[in-house]
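Here the structure is laid out as structure tokens; the discussion comes afterwards.
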Amino acid sequence: MSITKICCIGAGYVGGPTMAVIAQKCPHIQVTVVDLNEERIAAWNDENVDNIPIYEPGLSDIVAEARGRNLFFSTNVEKAIDEAQIIFISVNTPTKTYGKGKGMAADLKYIELCARQIARIAKDNKIVVEKSTLPVRTAEAIKSILDNTGNGVQFQILSNPEFLAEGTAVTDLLNPDRILIGGDTSVEGQKAIQSLVDVYANWVPADKILTTNVWSSELSKLTANAFLAQRISSVNAMSELCEKTGADVNEVARAIGMDSRIGPKFLKASVGFGGSCFQKDILNLVYIAKSYGLNEVADYWEQVIIMNDHQKRRFSNKMVQTLYNTVADKKIAFLGWAFKKDTNDTRESAAIYIADDLINEQAQIAVYDPKVSSRKVLADLDYLETRTSEKNSANVTSFSSPYEACASAHAIAVLTEWDEFIAYDWQKIYDGMQKPAFVFDGRNILNRVALESIGFIYQGIGS
Ligand code: UDX
Ligand code: ADP
């Protein structure tokens with residue numbers, strides 16, 4: 001089937017950039033991205049492309065090129081479903097906060113709502129593509145809903161997991177390591193796979209497009225994220241040992257990364273990984289393993305999360321200890337709130353947990369992040385429900401200048417690896433701070449020797 005109309009349900013960090021790139025690379029396909037969130041859609045349609053709701057390097061240029069030509073953002077979910085031949089489901093699948101599987105399983109209520117809506121509206125055969133990260137065998141559940149509540153039309157369900165990383169979404173989409181498409185082994189299933197392969201083939205070389213069965217595709221996504229997160233927890237575990245022994249984790253990472261079997265990527269010790277995927281996907285993997293009675297498998301992967309939680313807690317404990325065992329009423333400046341550089345996403349950011357610990361110790365926190373609003377910072381803390389929002393706003397203030405955030409602070413915590421931090425006038429920052437002035441570099445990005453020569457007391461991770 002030649003595809004001319006695609007719809008994507010969910011205009012978030014995955015759906016937005018992915019559809020923008022498909023539209024840019026396939027001008028013959030009309031791509032409509034729909035979302036229930038009117039504010040978000042309005043922002044995607046903002047005349048000034050710099051106001052689109054997601055910050056990703058290069059994204060606004062692509063939106064500017066394709067929007068209104070063959071890329072549309074709309075709240076009219078029904079119309080888009082009705083017209084499309086391929087429907088991507090790209091809604092959020094957070095970890096469940098209630099009931100069975102609470103804190104572990106993925107909450108599929110948004111996915112189920114989408115499936116029911118598609119079933120109700122579709123009047124002709126459709127290909128439904130799972131784009132959100134989903135637990136293995138979700139496709140089966142979607143298929144069952146579609147086949148049993150629909151209007152008798154045929155649905156093919158494909159799994160097409162997204163491997164883009166935030167902050168590099170556009171380059172990851174333009175030059176993916178691979179595109180993975182899982183589908184049914186039947187003739188119809190294979191035809192559906194081919195339709196989606198043909199879309200990607202507009203810019204991705206054929207040898208990078210892998211096709212598998214649905215379950216392999218779904219499980220590959222969880223496995224990829226578990227392996228990546230495991231590397232970070234492994235190097236973070238070594239960072240604690242380095243601090244005790246006098247080894248330097250940056251040197252250790254460099255030495256092991258040159259082993260071609262290990263490779264250099266994802267070996268940066270840090271205050272802990274964040275983001276919407278790693279923790280959620282591993283918890284999901286753990287839940288699936290447990291549900292099959294595979295307790296050793298579950299425990300093995302759960303340790304990656306335990307290590308990550310430990311790393312965050314260890315960082316805040318070290319700050320308190322170093323600051324003479326009390327941070328009460330001390331001003332602590334946070335450079336960075338996003339979970340990594342070049343994104344305005346803060347989901348599961350280590351900064352949230354470090355702030356939470358330090359507020360418990362009665363610290364006054366001053367946040368500067370080039371892309372995160374003060375409203376978001378407070379919303380992230382309120383979401384933890386550890387204290388009232390009045391208390392959070394009494395202890396946390398955001399600044400639009402890093403120099404103001406650091407003025408008269410006792411210590412600085414670097415929590416996101418934004419490039420601009422490196423270029424600051426650190427002498428000026430030092431001059432404005434309480435003495436002794438401390439820097440806790442949770443990302444090991446600053447120049448230790450230079451900071452120490454100014455007079456800072458510098459503590460990195462794992463050295
Ligand atoms: C991840 C996967 O990389 C991506 O393929 C998948 O589709 C979604 O999940 P993302 O969460 O956007 O992407 O970012 P990623 O670059 O993987 O970083 C995740 C976290 O790990 C960040 O907090 C980052 O700062 C941290 N990290 C990464 C480290 O602490 N050290 C490293 O060496 C690498
Ligand atoms: P991700 O990182 O997976 O893209 P986001 O939370 O950024 O997650 O985006 C998911 C989007 O899906 C949100 O904007 C949300 O409003 C939207 N959404 C959730 N359920 C539905 C639904 N049934 N119909 C349309 N949009 C939905």
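Order determines the names: the first chain of the structure tokens is A, the second B, and so forth; residues in each chain are numbered 1 upward, and ligands are numbered 1 upward as they are shown.
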Next item on the list: Residues within 6 Å of ligand 1 should be enumerated using only C-alpha atoms and all ligand atoms and returned as a PyMOL selection string.
Entry: chain A and resi 162-166+225+232+266-270+272-278+339-340
Next item on the list: Give as an MDAnalysis selection string the residues surrounding ligand 2 up to a distance of 8 Å, considering only C-alpha atoms and all ligand atoms.
Entry: chainID A and resid 9:16 34:37 40 75 77 90:93 110:111 113:114 117 132:133 276
Margin query: Between CA of Asn151 (chain A) and CA of Gln194 (chain A), what distance in Å does the model show, to one decimal?
Written below: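 Spanning CA of Asn151 (chain A) to CA of Gln194 (chain A) is a straight-line distance of 24.8 Å.
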Next item on the list: Could you please write out, as a ChimeraX atom specification, every residue of region 50-211 of chain A that DSSP assigns to strand (DSSP E)?
Entry: /A:71-74,86-89,126-130,155-159,179-183,209-211
Take the selection from the previous step and output its residues with N, CA, C and O atoms, as a short mmCIF file (atom, residue, chain, number, x, y, z; two decimals), in the first residue's frame.
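Done, and the output landed in part.cif:
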data_model
loop_
_atom_site.label_atom_id
_atom_site.label_comp_id
_atom_site.auth_asym_id
_atom_site.auth_seq_id
_atom_site.Cartn_x
_atom_site.Cartn_y
_atom_site.Cartn_z
N LEU A 71 3.04 18.99 7.22
CA LEU A 71 3.09 18.68 8.65
C LEU A 71 2.06 19.55 9.37
O LEU A 71 2.09 20.78 9.23
N PHE A 72 1.15 18.89 10.10
CA PHE A 72 0.07 19.63 10.76
C PHE A 72 -0.04 19.19 12.21
O PHE A 72 0.16 18.02 12.54
N PHE A 73 -0.36 20.14 13.07
CA PHE A 73 -0.59 19.84 14.49
C PHE A 73 -2.03 20.20 14.80
O PHE A 73 -2.48 21.30 14.46
N SER A 74 -2.75 19.29 15.46
CA SER A 74 -4.18 19.52 15.63
C SER A 74 -4.70 18.83 16.89
O SER A 74 -4.09 17.87 17.39
N ILE A 86 -1.69 5.07 8.26
CA ILE A 86 -0.84 4.59 9.36
C ILE A 86 -1.07 5.50 10.56
O ILE A 86 -1.04 6.73 10.43
N ILE A 87 -1.32 4.89 11.73
CA ILE A 87 -1.51 5.67 12.96
C ILE A 87 -0.41 5.29 13.95
O ILE A 87 -0.32 4.13 14.37
N PHE A 88 0.42 6.25 14.28
CA PHE A 88 1.44 6.02 15.31
C PHE A 88 0.83 6.34 16.67
O PHE A 88 0.17 7.37 16.81
N ILE A 89 1.08 5.48 17.64
CA ILE A 89 0.66 5.80 19.01
C ILE A 89 1.91 6.22 19.77
O ILE A 89 2.83 5.43 19.97
N LYS A 126 -6.41 -0.19 8.76
CA LYS A 126 -5.36 0.72 9.26
C LYS A 126 -4.15 -0.08 9.74
O LYS A 126 -4.30 -1.20 10.24
N ILE A 127 -3.02 0.58 9.65
CA ILE A 127 -1.81 0.05 10.30
C ILE A 127 -1.61 0.88 11.56
O ILE A 127 -1.56 2.11 11.49
N VAL A 128 -1.53 0.21 12.71
CA VAL A 128 -1.34 0.92 13.98
C VAL A 128 0.06 0.63 14.47
O VAL A 128 0.47 -0.54 14.57
N VAL A 129 0.82 1.68 14.74
CA VAL A 129 2.24 1.51 15.08
C VAL A 129 2.47 1.91 16.53
O VAL A 129 2.19 3.05 16.92
N GLU A 130 3.02 1.00 17.33
CA GLU A 130 3.41 1.35 18.70
C GLU A 130 4.74 2.07 18.63
O GLU A 130 5.75 1.50 18.22
N PHE A 155 -7.01 -4.51 11.23
CA PHE A 155 -5.89 -3.72 11.77
C PHE A 155 -4.63 -4.56 11.74
O PHE A 155 -4.66 -5.75 12.06
N GLN A 156 -3.52 -3.93 11.39
CA GLN A 156 -2.22 -4.57 11.57
C GLN A 156 -1.47 -3.76 12.62
O GLN A 156 -1.43 -2.53 12.53
N ILE A 157 -0.91 -4.46 13.60
CA ILE A 157 -0.19 -3.76 14.66
C ILE A 157 1.31 -3.95 14.44
O ILE A 157 1.78 -5.09 14.33
N LEU A 158 2.03 -2.86 14.40
CA LEU A 158 3.48 -2.93 14.27
C LEU A 158 4.13 -2.32 15.51
O LEU A 158 3.57 -1.41 16.13
N SER A 159 5.29 -2.84 15.86
CA SER A 159 6.09 -2.22 16.92
C SER A 159 7.27 -1.54 16.24
O SER A 159 8.00 -2.16 15.48
N ILE A 179 16.68 1.29 12.30
CA ILE A 179 15.24 1.43 12.48
C ILE A 179 14.74 0.01 12.71
O ILE A 179 15.11 -0.91 11.97
N LEU A 180 13.95 -0.17 13.74
CA LEU A 180 13.46 -1.51 14.06
C LEU A 180 11.96 -1.57 13.87
O LEU A 180 11.22 -0.71 14.40
N ILE A 181 11.50 -2.53 13.08
CA ILE A 181 10.06 -2.68 12.85
C ILE A 181 9.67 -4.13 13.09
O ILE A 181 10.18 -5.04 12.44
N GLY A 182 8.79 -4.31 14.06
CA GLY A 182 8.31 -5.66 14.36
C GLY A 182 6.88 -5.80 13.89
O GLY A 182 6.08 -4.87 14.03
N GLY A 183 6.56 -6.96 13.32
CA GLY A 183 5.18 -7.16 12.86
C GLY A 183 4.81 -8.63 12.83
O GLY A 183 5.64 -9.50 13.12
N ILE A 209 17.54 -0.86 8.21
CA ILE A 209 16.14 -1.09 8.59
C ILE A 209 15.96 -2.58 8.89
O ILE A 209 16.04 -3.43 8.00
N LEU A 210 15.78 -2.87 10.17
CA LEU A 210 15.65 -4.26 10.62
C LEU A 210 14.19 -4.61 10.81
O LEU A 210 13.44 -3.82 11.39
N THR A 211 13.82 -5.80 10.37
CA THR A 211 12.45 -6.23 10.66
C THR A 211 12.49 -7.52 11.49
O THR A 211 13.36 -8.37 11.28
#
Notebook entry, point to check: Which residues, written as a count of residues only, have at least one atom at most 12 Å from Lys109 (chain A), with only C-alpha atoms counted and residues fewer than 4 positions away on the same chain left out?
Noted result: 17
Next item on the list: With a distance cut-off of 10 Å and only C-alpha atoms, select the neighbouring residues of region 353-362 of chain A, excluding the residue or stretch itself and same-chain residues fewer than 5 positions from it, and output the selection as an MDAnalysis selection string.
Entry: chainID A and resid 271 309 312:317 319:320 325:332 334 337 348 367 377 380:382 384 386:387 391:392 394:396 413 415
What's the 9 Å shell around Ala247 (chain A), counting only C-alpha atoms, without same-chain residues fewer than 5 positions away, as a tab-separated table (two decimals) with all heavy atoms, in the first residue's frame?
chain	number	residue	atom	x	y	z
A	239	SER	N	32.88	4.75	40.55
A	239	SER	CA	33.24	6.11	41.00
A	239	SER	C	33.36	6.16	42.52
A	239	SER	O	34.23	6.85	43.06
A	239	SER	CB	32.22	7.14	40.50
A	239	SER	OG	31.00	7.06	41.22
A	241	LEU	N	34.23	3.70	44.47
A	241	LEU	CA	35.46	3.00	44.83
A	241	LEU	C	36.67	3.89	44.52
A	241	LEU	O	37.64	3.94	45.29
A	241	LEU	CB	35.54	1.68	44.05
A	241	LEU	CG	36.61	0.69	44.46
A	241	LEU	CD1	36.50	0.34	45.96
A	241	LEU	CD2	36.48	-0.59	43.63
A	242	CYS	N	36.61	4.62	43.41
A	242	CYS	CA	37.71	5.52	43.05
A	242	CYS	C	37.91	6.57	44.14
A	242	CYS	O	39.04	6.89	44.51
A	242	CYS	CB	37.42	6.22	41.72
A	242	CYS	SG	37.60	5.14	40.31
A	252	VAL	N	39.93	5.87	34.58
A	252	VAL	CA	39.54	4.45	34.46
A	252	VAL	C	38.62	4.27	33.25
A	252	VAL	O	38.78	3.35	32.44
A	252	VAL	CB	38.84	3.97	35.76
A	252	VAL	CG1	38.27	2.56	35.59
A	252	VAL	CG2	39.80	4.02	36.95
A	462	GLY	N	33.91	10.66	41.63
A	462	GLY	CA	34.87	9.58	41.39
A	462	GLY	C	36.30	10.00	41.24
A	462	GLY	O	37.07	9.38	40.52
A	463	SER	N	36.68	11.08	41.93
A	463	SER	CA	38.11	11.43	41.93
A	463	SER	C	38.41	12.21	43.20
A	463	SER	O	37.51	12.68	43.87
A	463	SER	CB	38.48	12.25	40.71
A	463	SER	OG	37.73	13.45	40.72
Between region 299-406 of chain A and region 417-426 of chain A, at 12 Å or less, what are the per-residue closest atom pairs and their distances in Å? Count only C-alpha atoms, order by chain and rising residue number, and return it as a tab-separated table.
residue	atom	partner	partner_atom	distance
A:Phe334	CA	A:Phe421	CA	11.3
A:Leu335	CA	A:Phe421	CA	7.7
A:Gly336	CA	A:Trp418	CA	7.2
A:Trp337	CA	A:Glu417	CA	9.9
A:Ala338	CA	A:Glu417	CA	9.2
A:Phe339	CA	A:Glu417	CA	9.1
A:Lys340	CA	A:Glu417	CA	6.3
A:Lys341	CA	A:Trp418	CA	4.8
A:Asp342	CA	A:Trp418	CA	7.0
A:Thr343	CA	A:Trp418	CA	9.5
A:Asn344	CA	A:Trp418	CA	11.3
A:Ala351	CA	A:Glu417	CA	11.8
A:Tyr368	CA	A:Phe421	CA	10.5
A:Asp369	CA	A:Trp418	CA	8.6
A:Pro370	CA	A:Trp418	CA	8.3
A:Lys371	CA	A:Trp418	CA	10.1
A:Ser401	CA	A:Tyr424	CA	11.1
A:Pro402	CA	A:Phe421	CA	8.7
A:Tyr403	CA	A:Tyr424	CA	8.8
A:Cys406	CA	A:Trp426	CA	10.4
Check: Which distance in Å separates CA of Val33 (chain A) and CA of Ile81 (chain A), to one decimal?
Finding: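 Here the two named atoms are 10.1 Å from each other.
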Notebook entry, point to check: region 274-387 of chain A: which residues are helix (DSSP H, G or I) by DSSP, as JSON, numbers by chain?
Noted result: {"A": [278, 279, 280, 281, 282, 283, 284, 285, 286, 287, 288, 289, 290, 291, 295, 296, 297, 298, 299, 300, 301, 302, 303, 304, 305, 306, 307, 308, 309, 310, 311, 312, 313, 314, 315, 316, 317, 318, 319, 320, 321, 322, 350, 351, 352, 353, 354, 355, 356, 357, 358, 359, 360, 374, 375, 376, 377, 378, 379, 380, 381, 382, 383, 384]}
Next item on the list: Figure out the distance between CA of Ile62 (chain A) and CA of Asp46 (chain A), please, to one decimal in Å.
Entry: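 Those two atoms sit 14.1 Å apart.
Comparing the minimum interatomic distances between Val170 (chain A) and each of A:Asp82, A:Glu38, A:Glu390, A:Glu56, counting only C-alpha atoms, we find that A:Glu56 sits nearest.
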Margin query: Env of Gly455 (chain A): 8 Å cut, atoms = only C-alpha atoms, seq-sep filter 2 positions within chain, self excluded. Answer as a list in words.
Written below: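 With the cut-off at 8 Å, the set is Tyr430, Ala437, Leu451, Glu452, Ser453 and Ile457 of chain A.
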